[in-house]
file work-v5.cif (mmCIF, C-alpha atoms)
data_run
#
loop_
_atom_site.label_atom_id
_atom_site.label_comp_id
_atom_site.auth_asym_id
_atom_site.auth_seq_id
_atom_site.Cartn_x
_atom_site.Cartn_y
_atom_site.Cartn_z
CA MET A 1 -72.51 18.56 55.94
CA ASN A 2 -71.90 17.23 52.43
CA PRO A 3 -71.97 13.44 51.81
CA ILE A 4 -68.18 13.18 51.39
CA ALA A 5 -67.51 14.95 54.70
CA GLU A 6 -70.20 12.86 56.40
CA LYS A 7 -68.61 9.61 55.16
CA GLU A 8 -65.16 10.80 56.28
CA ARG A 9 -66.54 11.57 59.73
CA ILE A 10 -68.11 8.12 60.15
CA ILE A 11 -64.93 6.36 59.01
CA TYR A 12 -62.84 8.54 61.32
CA LEU A 13 -64.97 7.76 64.37
CA ASP A 14 -64.85 4.01 63.70
CA VAL A 15 -61.08 4.05 63.12
CA LEU A 16 -60.38 6.17 66.19
CA ARG A 17 -62.63 3.95 68.32
CA GLY A 18 -60.79 0.84 67.11
CA PHE A 19 -57.42 2.45 67.70
CA ALA A 20 -58.48 3.44 71.22
CA LEU A 21 -59.77 -0.08 71.86
CA CYS A 22 -56.31 -1.49 71.13
CA GLY A 23 -54.78 0.89 73.65
CA ILE A 24 -57.45 0.10 76.22
CA LEU A 25 -56.62 -3.61 76.06
CA LEU A 26 -52.92 -2.91 76.60
CA VAL A 27 -53.79 -0.66 79.54
CA ASN A 28 -56.13 -3.22 81.10
CA MET A 29 -54.00 -6.29 80.44
CA PRO A 30 -51.69 -5.92 83.50
CA SER A 31 -54.78 -5.67 85.71
CA PHE A 32 -56.28 -8.79 84.10
CA LEU A 33 -53.11 -10.71 84.90
CA GLY A 34 -52.51 -9.20 88.34
CA GLU A 35 -50.57 -6.00 89.01
CA ARG A 36 -46.87 -6.32 89.89
CA PHE A 37 -44.39 -3.89 91.38
CA VAL A 38 -41.97 -2.52 88.78
CA SER A 39 -39.14 -3.30 91.21
CA ASP A 40 -40.03 -7.01 90.89
CA MET A 41 -39.91 -6.98 87.08
CA GLY A 42 -37.10 -8.11 84.83
CA GLN A 43 -35.28 -5.70 82.54
CA VAL A 44 -37.49 -6.39 79.51
CA ASP A 45 -40.66 -5.82 81.52
CA ARG A 46 -39.28 -2.61 83.02
CA LEU A 47 -38.57 -1.20 79.57
CA LEU A 48 -42.01 -2.28 78.44
CA ARG A 49 -43.57 -0.65 81.51
CA LEU A 50 -41.75 2.58 80.62
CA PHE A 51 -43.11 2.36 77.07
CA PHE A 52 -46.62 1.85 78.43
CA ASP A 53 -46.32 4.87 80.73
CA LEU A 54 -44.98 7.04 77.93
CA PHE A 55 -47.39 6.19 75.14
CA ILE A 56 -50.32 4.07 76.36
CA GLN A 57 -51.35 4.57 79.99
CA THR A 58 -54.14 7.25 80.42
CA LYS A 59 -54.06 8.19 76.73
CA PHE A 60 -56.80 5.91 75.51
CA TYR A 61 -59.55 6.30 78.09
CA THR A 62 -59.23 10.00 77.28
CA LEU A 63 -59.97 9.21 73.63
CA PHE A 64 -62.78 6.80 74.47
CA SER A 65 -64.44 9.30 76.79
CA ALA A 66 -64.35 12.06 74.19
CA LEU A 67 -65.77 9.60 71.65
CA PHE A 68 -68.66 8.86 74.01
CA GLY A 69 -69.46 12.56 74.13
CA ALA A 70 -69.31 12.76 70.34
CA GLY A 71 -71.56 9.72 70.07
CA PHE A 72 -74.02 11.35 72.45
CA ILE A 73 -74.48 14.25 70.04
CA LEU A 74 -74.98 11.90 67.10
CA PHE A 75 -77.55 9.84 68.98
CA ILE A 76 -79.50 12.87 70.23
CA ASP A 77 -79.51 14.40 66.74
CA ARG A 78 -81.00 11.20 65.32
CA LEU A 79 -83.68 11.14 68.00
CA ARG A 80 -84.59 14.72 67.14
CA GLN A 81 -84.68 14.03 63.41
CA LYS A 82 -87.11 11.15 63.96
CA LYS A 83 -88.98 13.06 66.68
CA ARG A 84 -88.37 10.42 69.33
CA SER A 85 -88.23 10.76 73.10
CA LEU A 86 -85.03 11.23 75.09
CA TRP A 87 -86.23 8.31 77.22
CA ILE A 88 -84.75 6.09 74.52
CA PHE A 89 -81.32 7.36 75.47
CA VAL A 90 -82.15 6.87 79.16
CA ARG A 91 -83.00 3.25 78.37
CA ARG A 92 -79.76 2.92 76.47
CA LEU A 93 -77.76 4.18 79.44
CA THR A 94 -79.64 1.93 81.87
CA ILE A 95 -78.74 -1.13 79.80
CA LEU A 96 -75.11 0.02 79.62
CA PHE A 97 -75.05 0.40 83.41
CA ALA A 98 -76.42 -3.13 83.81
CA ILE A 99 -73.78 -4.51 81.44
CA GLY A 100 -71.15 -2.72 83.49
CA LEU A 101 -72.40 -4.28 86.73
CA ILE A 102 -72.26 -7.76 85.19
CA HIS A 103 -68.79 -7.00 83.86
CA LEU A 104 -67.67 -6.09 87.38
CA LEU A 105 -68.36 -9.68 88.44
CA PHE A 106 -65.43 -10.66 86.21
CA TRP A 107 -63.07 -7.70 86.57
CA GLU A 108 -62.78 -4.72 88.89
CA GLY A 109 -61.68 -2.22 86.22
CA ASP A 110 -64.95 -1.92 84.28
CA ILE A 111 -65.60 1.57 82.91
CA LEU A 112 -69.06 0.99 81.41
CA GLN A 113 -70.99 1.69 84.61
CA THR A 114 -68.95 4.90 85.03
CA TYR A 115 -69.80 5.93 81.47
CA ALA A 116 -73.48 5.21 82.05
CA PHE A 117 -73.53 7.24 85.27
CA CYS A 118 -71.82 10.18 83.58
CA GLY A 119 -74.12 9.75 80.58
CA PHE A 120 -77.10 10.46 82.84
CA LEU A 121 -75.36 13.67 83.93
CA LEU A 122 -74.66 14.51 80.30
CA LEU A 123 -78.41 14.60 79.67
CA LEU A 124 -78.47 17.83 81.70
CA PHE A 125 -76.62 19.48 78.81
CA VAL A 126 -78.88 18.39 75.95
CA LYS A 127 -80.15 21.92 75.32
CA THR A 128 -77.00 23.86 76.17
CA ARG A 129 -74.98 25.69 73.55
CA PRO A 130 -71.71 24.13 72.34
CA LEU A 131 -69.59 26.80 74.04
CA THR A 132 -71.36 26.14 77.33
CA LYS A 133 -70.40 22.48 77.07
CA LEU A 134 -66.81 23.47 76.33
CA PHE A 135 -66.50 25.93 79.23
CA ILE A 136 -67.99 23.53 81.77
CA GLY A 137 -65.85 20.68 80.40
CA LEU A 138 -62.70 22.78 80.73
CA ALA A 139 -63.70 23.89 84.24
CA LEU A 140 -64.10 20.27 85.31
CA GLN A 141 -60.73 19.49 83.73
CA LEU A 142 -59.12 22.26 85.76
CA TYR A 143 -60.72 20.82 88.89
CA THR A 144 -59.29 17.40 87.99
CA VAL A 145 -55.86 18.90 87.36
CA SER A 146 -55.94 20.50 90.80
CA LEU A 147 -56.69 17.12 92.40
CA TYR A 148 -53.83 15.37 90.62
CA LEU A 149 -51.53 18.28 91.37
CA SER A 150 -52.36 18.06 95.07
CA ILE A 151 -51.46 14.36 95.01
CA TYR A 152 -48.18 15.19 93.27
CA LEU A 153 -47.32 17.88 95.83
CA PHE A 154 -48.21 15.50 98.67
CA ALA A 155 -45.83 12.88 97.26
CA GLN A 156 -43.12 15.50 96.88
CA SER A 157 -43.42 16.68 100.47
CA GLU A 158 -44.26 13.43 102.30
CA GLY A 159 -42.40 10.96 100.14
CA ASP A 160 -43.44 8.96 97.11
CA ARG A 161 -44.93 5.47 97.30
CA SER A 162 -46.13 2.82 94.89
CA ILE A 163 -49.77 2.88 93.79
CA ILE A 164 -49.68 -0.85 93.06
CA GLU A 165 -51.75 -2.94 95.47
CA PRO A 166 -51.37 -6.67 94.77
CA ASP A 167 -54.53 -8.59 95.63
CA GLY A 168 -53.60 -11.65 97.65
CA ARG A 169 -57.19 -12.85 97.86
CA LEU A 170 -57.54 -13.01 94.07
CA THR A 171 -54.17 -14.76 93.86
CA ASP A 172 -55.43 -17.48 96.20
CA LEU A 173 -58.78 -17.85 94.41
CA VAL A 174 -57.10 -18.24 91.02
CA ALA A 175 -54.52 -20.67 92.40
CA GLU A 176 -57.35 -22.77 93.85
CA ARG A 177 -59.38 -22.29 90.65
CA ASP A 178 -62.30 -21.30 92.85
CA LEU A 179 -64.60 -19.78 90.23
CA GLY A 180 -67.54 -19.41 92.64
CA GLY A 181 -65.40 -17.66 95.23
CA TYR A 182 -63.98 -15.48 92.46
CA PHE A 183 -67.44 -14.18 91.50
CA ILE A 184 -68.52 -13.78 95.15
CA TYR A 185 -65.37 -11.78 95.91
CA HIS A 186 -66.02 -9.48 92.95
CA ALA A 187 -69.69 -9.06 93.86
CA THR A 188 -69.07 -8.30 97.55
CA VAL A 189 -65.75 -6.44 97.45
CA GLN A 190 -64.71 -5.33 93.97
CA LEU A 191 -68.11 -4.17 92.73
CA PRO A 192 -68.78 -1.79 95.67
CA ASP A 193 -65.23 -0.44 95.38
CA ALA A 194 -65.70 0.21 91.66
CA LEU A 195 -68.97 2.07 92.26
CA GLY A 196 -67.21 4.16 94.88
CA ASN A 197 -64.47 4.99 92.38
CA THR A 198 -67.12 6.15 89.92
CA LEU A 199 -68.27 8.75 92.46
CA MET A 200 -64.71 10.09 92.50
CA LEU A 201 -64.03 9.84 88.77
CA TRP A 202 -67.22 11.42 87.39
CA PRO A 203 -65.97 15.04 87.14
CA GLU A 204 -63.07 14.00 84.92
CA ILE A 205 -65.11 11.64 82.73
CA LEU A 206 -67.98 14.11 82.39
CA SER A 207 -65.53 16.82 81.38
CA LEU A 208 -64.21 14.63 78.57
CA PHE A 209 -67.78 13.80 77.51
CA LEU A 210 -68.59 17.50 77.29
CA ILE A 211 -65.43 18.33 75.34
CA GLY A 212 -66.13 15.46 72.92
CA ALA A 213 -69.72 16.67 72.53
CA TYR A 214 -68.51 20.20 71.81
CA LEU A 215 -66.04 19.00 69.18
CA MET A 216 -68.73 16.97 67.43
CA GLU A 217 -71.12 19.92 67.34
CA ARG A 218 -68.38 22.30 66.26
CA PHE A 219 -66.88 20.18 63.50
CA SER A 220 -70.18 18.79 62.23
CA VAL A 221 -70.93 22.30 61.01
CA ARG A 222 -67.47 22.92 59.62
CA PRO A 223 -64.93 20.05 59.57
CA PRO A 224 -61.41 21.00 60.70
CA THR A 225 -59.02 22.02 57.97
CA THR A 226 -55.92 19.95 57.30
CA ARG A 227 -53.84 22.90 58.46
CA LEU A 228 -55.66 22.99 61.81
CA LEU A 229 -55.14 19.25 62.26
CA ILE A 230 -51.41 19.58 61.57
CA ILE A 231 -51.12 22.47 64.03
CA GLY A 232 -53.04 20.48 66.65
CA PHE A 233 -50.78 17.48 66.11
CA LEU A 234 -47.55 19.46 66.42
CA VAL A 235 -48.60 21.64 69.36
CA SER A 236 -49.97 18.72 71.38
CA LEU A 237 -46.86 16.66 70.69
CA ILE A 238 -44.57 19.50 71.81
CA LEU A 239 -46.66 20.08 74.95
CA SER A 240 -46.32 16.37 75.78
CA LEU A 241 -42.52 16.43 75.83
CA PRO A 242 -41.97 17.89 79.34
CA ALA A 243 -44.23 15.27 80.99
CA LEU A 244 -42.70 12.46 78.91
CA THR A 245 -39.22 13.61 79.95
CA GLN A 246 -40.23 13.51 83.61
CA ILE A 247 -41.59 9.97 83.22
CA ILE A 248 -38.23 8.81 81.86
CA ARG A 249 -36.41 10.49 84.76
CA VAL A 250 -38.68 8.87 87.34
CA HIS A 251 -38.14 5.43 85.81
CA GLN A 252 -34.38 5.93 85.93
CA GLY A 253 -34.07 6.26 89.68
CA GLN A 254 -37.28 6.97 91.58
CA VAL A 255 -40.47 5.02 92.34
CA ALA A 256 -41.42 3.93 88.81
CA ASP A 257 -44.96 2.99 89.84
CA GLY A 258 -45.44 5.80 92.34
CA LEU A 259 -47.67 8.83 92.69
CA ILE A 260 -45.20 11.24 91.07
CA ASN A 261 -44.84 9.05 88.00
CA TYR A 262 -48.61 8.66 87.71
CA PHE A 263 -49.10 12.42 87.81
CA PHE A 264 -46.89 12.87 84.76
CA VAL A 265 -48.42 9.83 83.06
CA TRP A 266 -51.86 11.34 83.59
CA LEU A 267 -50.71 14.77 82.42
CA SER A 268 -49.21 13.38 79.21
CA GLY A 269 -52.51 11.61 78.58
CA ARG A 270 -54.28 14.96 78.12
CA THR A 271 -51.97 16.07 75.32
CA LEU A 272 -50.96 12.83 73.63
CA ALA A 273 -54.63 11.92 73.21
CA ILE A 274 -54.91 15.01 71.00
CA THR A 275 -51.75 13.97 69.15
CA TYR A 276 -53.23 10.54 68.42
CA ALA A 277 -56.66 11.90 67.46
CA THR A 278 -55.25 14.43 65.01
CA ALA A 279 -52.80 11.89 63.56
CA ILE A 280 -55.67 9.47 62.86
CA ALA A 281 -57.72 12.29 61.34
CA LEU A 282 -54.85 13.25 59.03
CA ALA A 283 -54.34 9.60 58.02
CA VAL A 284 -58.05 9.14 57.21
CA ARG A 285 -58.07 12.37 55.22
CA ALA A 286 -54.98 11.20 53.31
CA GLY A 287 -56.91 8.10 52.23
CA LEU A 288 -55.30 5.49 54.49
CA ARG A 289 -57.88 2.77 55.06
CA MET A 290 -56.75 1.40 58.44
CA GLU A 291 -59.44 -1.22 57.97
CA GLY A 292 -58.30 -3.23 60.97
CA PHE A 293 -58.95 -0.37 63.38
CA ARG A 294 -62.26 0.37 61.70
CA LEU A 295 -63.47 -3.22 62.06
CA LEU A 296 -62.50 -3.31 65.73
CA GLY A 297 -64.22 0.03 66.26
CA ARG A 298 -67.51 -1.11 64.76
CA MET A 299 -67.64 -3.91 67.33
CA ALA A 300 -65.97 -2.01 70.16
CA LEU A 301 -68.34 -3.07 72.95
CA THR A 302 -68.26 -6.75 71.98
CA ASN A 303 -64.48 -6.71 71.66
CA TYR A 304 -64.01 -4.81 74.94
CA LEU A 305 -66.03 -7.35 76.92
CA THR A 306 -64.32 -10.24 75.14
CA HIS A 307 -60.95 -8.98 76.42
CA THR A 308 -62.05 -9.65 79.98
CA LEU A 309 -63.57 -13.01 79.17
CA VAL A 310 -60.50 -14.29 77.32
CA PHE A 311 -57.97 -13.15 79.93
CA THR A 312 -60.12 -14.45 82.82
CA VAL A 313 -60.22 -17.87 81.18
CA LEU A 314 -56.46 -17.80 80.53
CA VAL A 315 -55.70 -16.80 84.12
CA PHE A 316 -57.84 -19.61 85.50
CA LEU A 317 -56.36 -22.16 83.09
CA SER A 318 -52.84 -21.16 84.14
CA GLY A 319 -53.75 -20.94 87.83
CA THR A 320 -51.44 -17.95 88.22
CA TYR A 321 -52.29 -14.36 89.10
CA GLY A 322 -49.76 -11.59 89.59
CA THR A 323 -46.76 -13.56 88.30
CA ILE A 324 -47.11 -13.59 84.49
CA PRO A 325 -44.42 -11.38 82.88
CA LEU A 326 -45.61 -8.19 81.21
CA TRP A 327 -44.03 -9.12 77.89
CA GLN A 328 -46.03 -12.34 77.78
CA GLY A 329 -49.24 -10.47 78.55
CA THR A 330 -48.43 -7.94 75.83
CA LEU A 331 -47.82 -10.70 73.30
CA GLY A 332 -51.11 -12.31 74.29
CA ALA A 333 -52.94 -8.98 73.91
CA LEU A 334 -51.54 -8.44 70.41
CA ILE A 335 -52.53 -11.97 69.37
CA LEU A 336 -56.03 -11.40 70.76
CA LEU A 337 -56.38 -8.13 68.82
CA ALA A 338 -55.31 -9.86 65.62
CA CYS A 339 -57.88 -12.62 66.21
CA GLN A 340 -60.58 -10.04 66.96
CA THR A 341 -59.77 -8.20 63.74
CA PHE A 342 -60.32 -11.35 61.66
CA PHE A 343 -63.43 -12.28 63.62
CA SER A 344 -64.87 -8.76 63.27
CA ARG A 345 -64.26 -8.84 59.53
CA TRP A 346 -66.06 -12.17 59.21
CA TYR A 347 -68.93 -11.24 61.51
CA LEU A 348 -69.62 -7.87 59.92
CA ARG A 349 -69.90 -9.48 56.51
CA HIS A 350 -73.07 -11.17 57.78
CA HIS A 351 -74.35 -8.66 60.35
CA HIS A 352 -74.74 -4.91 60.57
CA GLN A 353 -73.10 -4.73 64.02
CA GLY A 354 -71.53 -6.86 66.73
CA PRO A 355 -73.59 -9.29 68.87
CA ILE A 356 -73.46 -7.23 72.08
CA GLU A 357 -74.15 -4.05 70.11
CA ALA A 358 -77.20 -5.75 68.57
CA LEU A 359 -78.54 -6.78 71.98
CA TRP A 360 -77.94 -3.26 73.28
CA ARG A 361 -79.81 -1.81 70.33
CA LYS A 362 -82.69 -4.22 70.74
CA GLY A 363 -82.97 -3.34 74.42
CA THR A 364 -82.84 0.35 73.57
CA TYR A 365 -85.60 0.32 70.95
CA GLY A 366 -87.55 -2.75 71.95
CA LYS A 367 -89.57 -4.11 69.04
CA GLN A 368 -89.45 -0.81 67.16
CA LYS A 369 -87.94 -0.90 63.75
CA SER A 370 -85.15 1.58 63.43
CA THR A 371 -82.07 2.19 61.38
CA GLU A 372 -80.46 4.21 64.13
CA LEU A 373 -77.18 3.54 65.92
#
call {"tool": "encode", "arguments": {"input": "work-v5.cif", "output": "structure tokens"}}
result
Amino acid sequence: MNPIAEKERIIYLDVLRGFALCGILLVNMPSFLGERFVSDMGQVDRLLRLFFDLFIQTKFYTLFSALFGAGFILFIDRLRQKKRSLWIFVRRLTILFAIGLIHLLFWEGDILQTYAFCGFLLLLFVKTRPLTKLFIGLALQLYTVSLYLSIYLFAQSEGDRSIIEPDGRLTDLVAERDLGGYFIYHATVQLPDALGNTLMLWPEILSLFLIGAYLMERFSVRPPTTRLLIIGFLVSLILSLPALTQIIRVHQGQVADGLINYFFVWLSGRTLAITYATAIALAVRAGLRMEGFRLLGRMALTNYLTHTLVFTVLVFLSGTYGTIPLWQGTLGALILLACQTFFSRWYLRHHHQGPIEALWRKGTYGKQKSTEL
């Protein structure tokens, strides 16, 4: 790959990672504050919930997962170029898993331990051809589609129901500002539940890893043409319309937070993720800087973990859980992202990477000197 294409690729990955990080915060924010039934929301929050389901929910973990697969290829290629052992990547995943476990003591929705687990499985495909990764990734996606489709058919035949499960125990702990009880509850209840969810989620996440790895291998040799990106954008957008239409219909008179709605939200996440990825690629190729997204993306791990820390502190300071309006949480998330953008800009002027990224790198390589990452 020529230097110009290589630079474009690096910028694109940083920008897309930062863009995905913004979406991830908006997805996670209702969980930070305590999930609420849509039927209990005011009109503004209901419209906002519809917007989230249409354009945010499930779209961004799809992007992040594919980016992890792409990053896997980059990391393995660098190890090969420097003739280093794959055990370095194993160490990297082990540290990520440990970070995820610690994160689970604060919040049940951590994805890092799931990524680490699936990363170990991804090592099985180090020597496979790109098309093999693609075929297995698509096969796992079809398996995942069949699972979600079975849930949809069950809801159609047996009756739909809300997937929201308010946590009364957390509500009490926050109201009492019982920080010790909060951590004990997460360690003894939430953490085991999250690990159990990982055992159910791994086929879907691994499939996205494999597809992301394939795309990196494929387009590292020959970057996609602008025409291909435009076609991908238009086709994925058109394919999203039926699911988006169904989401609107469900919100108009059915269970807005039910199984049927989630099926279409999940389905639209497959296609709209492509729409977003190709749109960002076209913007980068057109010369748009999108520096804010790029800065957030370069410190994605630090910023991701900071989301949990900030919202946990805010929840405990307010003493309320499960009652804060969605619009207030959204406003808080946007303010936090703006603050993180300024902080990332300042920090990266003095450091090569974010503080958590630096610790992760140091743990990965030990005392070895390396320019990798």
call {"tool": "residues_around", "arguments": {"input": "work-v5.cif", "residues": "Pro224 (chain A)", "least_positions_apart": "3", "cutoff": "12 Å", "atoms": "all atoms listed in the file", "output": "VMD selection string"}}
result
chain A and resid 5 8 to 9 215 to 221 227 to 232 278 281 to 282 285
call {"tool": "write_last_selection", "arguments": {"input": "work-v5.cif", "atoms": "C-alpha atoms", "output": "CSV table (one decimal), in the coordinates of the input"}}
result
chain,number,residue,atom,x,y,z
A,5,ALA,CA,-67.5,15.0,54.7
A,8,GLU,CA,-65.2,10.8,56.3
A,9,ARG,CA,-66.5,11.6,59.7
A,215,LEU,CA,-66.0,19.0,69.2
A,216,MET,CA,-68.7,17.0,67.4
A,217,GLU,CA,-71.1,19.9,67.3
A,218,ARG,CA,-68.4,22.3,66.3
A,219,PHE,CA,-66.9,20.2,63.5
A,220,SER,CA,-70.2,18.8,62.2
A,221,VAL,CA,-70.9,22.3,61.0
A,227,ARG,CA,-53.8,22.9,58.5
A,228,LEU,CA,-55.7,23.0,61.8
A,229,LEU,CA,-55.1,19.2,62.3
A,230,ILE,CA,-51.4,19.6,61.6
A,231,ILE,CA,-51.1,22.5,64.0
A,232,GLY,CA,-53.0,20.5,66.6
A,278,THR,CA,-55.2,14.4,65.0
A,281,ALA,CA,-57.7,12.3,61.3
A,282,LEU,CA,-54.8,13.2,59.0
A,285,ARG,CA,-58.1,12.4,55.2
call {"tool": "resolve_selection", "arguments": {"input": "work-v5.cif", "expression": "the PyMOL selection byres ((chain A and resi 90-96) around 7)", "output": "list of chain:residue names"}}
result
A:Leu86, A:Trp87, A:Ile88, A:Phe89, A:Phe97, A:Ala98, A:Ile99, A:Gly100, A:Leu112, A:Gln113, A:Ala116, A:Gly119, A:Trp360, A:Thr364
call {"tool": "residues_around", "arguments": {"input": "work-v5.cif", "residues": "Phe19 (chain A)", "least_positions_apart": "3", "cutoff": "12 Å", "atoms": "all atoms listed in the file", "output": "PyMOL selection string"}}
result
chain A and resi 12-16+22-26+56+59-61+63-64+67+273+276-277+279-281+290-298+300+337+341
call {"tool": "residues_around", "arguments": {"input": "work-v5.cif", "residues": "region 128-143 of chain A", "least_positions_apart": "5", "cutoff": "9 Å", "atoms": "all atoms listed in the file", "output": "ChimeraX atom specification"}}
result
/A:148,203-204,206-215,217-218
call {"tool": "resolve_selection", "arguments": {"input": "work-v5.cif", "expression": "the PyMOL selection byres ((chain A and resi 312-325) around 8)", "output": "ChimeraX atom specification"}}
result
/A:32-36,41,45,106,166,170-171,174-177,308-311,326-329
call {"tool": "atom_distance", "arguments": {"input": "work-v5.cif", "atom1": "CA of Tyr365 (chain A)", "atom2": "CA of Val126 (chain A)"}}
result
19.9 Å
call {"tool": "resolve_selection", "arguments": {"input": "work-v5.cif", "expression": "the PyMOL selection byres ((chain A and resi 239) around 12)", "output": "PyMOL selection string"}}
result
chain A and resi 232-238+240-245+267-275
call {"tool": "residues_around", "arguments": {"input": "work-v5.cif", "residues": "Ile164 (chain A)", "least_positions_apart": "3", "cutoff": "9 Å", "atoms": "only C-alpha atoms", "output": "ChimeraX atom specification"}}
result
/A:35-38,161,257-258
call {"tool": "atom_distance", "arguments": {"input": "work-v5.cif", "atom1": "CA of Gly366 (chain A)", "atom2": "CA of Arg78 (chain A)"}}
result
16.8 Å
call {"tool": "closest_residue", "arguments": {"input": "work-v5.cif", "among": "A:Trp107, A:Phe343, A:Phe117, A:Phe68", "to": "Asn28 (chain A)", "atoms": "all atoms listed in the file"}}
result
A:Trp107
call {"tool": "atom_distance", "arguments": {"input": "work-v5.cif", "atom1": "CA of Ser65 (chain A)", "atom2": "CA of Pro355 (chain A)"}}
result
22.2 Å
call {"tool": "axis_aligned_box", "arguments": {"input": "work-v5.cif", "around": "region 48-54 of chain A", "padding_each_side": "4 Å", "output": "lines of an AutoDock Vina configuration file"}}
result
center_x = -44.2
center_y = 2.4
center_z = 79.3
size_x = 12.9
size_y = 17.3
size_z = 12.4
call {"tool": "residues_around", "arguments": {"input": "work-v5.cif", "residues": "Gly354 (chain A)", "least_positions_apart": "5", "cutoff": "12 Å", "atoms": "all atoms listed in the file", "output": "list in words"}}
result
Leu295, Leu296, Gly297, Arg298, Met299, Ala300, Leu301, Thr302, Asn303, Tyr304, Leu305, Thr306, Gln340, Phe343, Ser344, Arg345, Trp346, Tyr347, Leu348, Arg349, Leu359, Trp360, Arg361 and Leu373 of chain A
call {"tool": "closest_residue", "arguments": {"input": "work-v5.cif", "among": "A:Gly109, A:Gly71, A:Gly42, A:Gly332", "to": "Pro192 (chain A)", "atoms": "only C-alpha atoms"}}
result
A:Gly109
call {"tool": "closest_residue", "arguments": {"input": "work-v5.cif", "among": "A:Leu201, A:Leu124, A:Leu47, A:Ile248", "to": "Ile111 (chain A)", "atoms": "only C-alpha atoms"}}
result
A:Leu201
call {"tool": "closest_residue", "arguments": {"input": "work-v5.cif", "among": "A:His350, A:Arg169, A:His251, A:His103", "to": "Asp53 (chain A)", "atoms": "all atoms listed in the file"}}
result
A:His251
call {"tool": "closest_residue", "arguments": {"input": "work-v5.cif", "among": "A:Val189, A:Leu122, A:Ile260, A:Leu199", "to": "Ser150 (chain A)", "atoms": "only C-alpha atoms"}}
result
A:Ile260
call {"tool": "closest_residue", "arguments": {"input": "work-v5.cif", "among": "A:Ser146, A:Tyr182, A:Leu74, A:Asp110", "to": "Leu195 (chain A)", "atoms": "all atoms listed in the file"}}
result
A:Asp110
call {"tool": "decode", "arguments": {"input": "work-v5.cif", "residues": "region 118-133 of chain A", "atoms": "N, CA and C atoms", "output": "compact mmCIF listing (two decimals), in the first residue's frame"}}
result
# COMPACT_ATOMS: atom_id res chain seq x y z
N CYS A 118 -13.63 -13.49 22.82
CA CYS A 118 -13.75 -13.75 21.38
C CYS A 118 -12.40 -13.54 20.68
N GLY A 119 -11.56 -12.66 21.23
CA GLY A 119 -10.23 -12.47 20.68
C GLY A 119 -9.40 -13.73 20.76
N PHE A 120 -9.54 -14.48 21.88
CA PHE A 120 -8.84 -15.76 22.00
C PHE A 120 -9.31 -16.73 20.91
N LEU A 121 -10.61 -16.72 20.63
CA LEU A 121 -11.13 -17.58 19.56
C LEU A 121 -10.63 -17.12 18.20
N LEU A 122 -10.46 -15.82 18.05
CA LEU A 122 -9.98 -15.27 16.78
C LEU A 122 -8.58 -15.75 16.45
N LEU A 123 -7.80 -16.06 17.48
CA LEU A 123 -6.45 -16.56 17.25
C LEU A 123 -6.44 -17.87 16.46
N LEU A 124 -7.55 -18.60 16.50
CA LEU A 124 -7.66 -19.84 15.74
C LEU A 124 -7.61 -19.59 14.23
N PHE A 125 -7.83 -18.33 13.84
CA PHE A 125 -7.93 -17.99 12.41
C PHE A 125 -6.73 -17.19 11.92
N VAL A 126 -5.65 -17.20 12.68
CA VAL A 126 -4.47 -16.42 12.31
C VAL A 126 -3.95 -16.82 10.93
N LYS A 127 -3.93 -18.11 10.66
CA LYS A 127 -3.33 -18.60 9.41
C LYS A 127 -4.35 -18.91 8.32
N THR A 128 -5.62 -18.60 8.55
CA THR A 128 -6.63 -18.89 7.54
C THR A 128 -6.64 -17.83 6.45
N ARG A 129 -7.11 -18.19 5.29
CA ARG A 129 -7.20 -17.26 4.18
C ARG A 129 -8.33 -16.26 4.43
N PRO A 130 -8.26 -15.08 3.83
CA PRO A 130 -9.30 -14.07 4.03
C PRO A 130 -10.71 -14.58 3.71
N LEU A 131 -10.85 -15.33 2.62
CA LEU A 131 -12.18 -15.82 2.27
C LEU A 131 -12.72 -16.81 3.29
N THR A 132 -11.83 -17.56 3.91
CA THR A 132 -12.25 -18.49 4.97
C THR A 132 -12.82 -17.71 6.14
N LYS A 133 -12.15 -16.62 6.51
CA LYS A 133 -12.66 -15.77 7.58
C LYS A 133 -14.05 -15.23 7.21
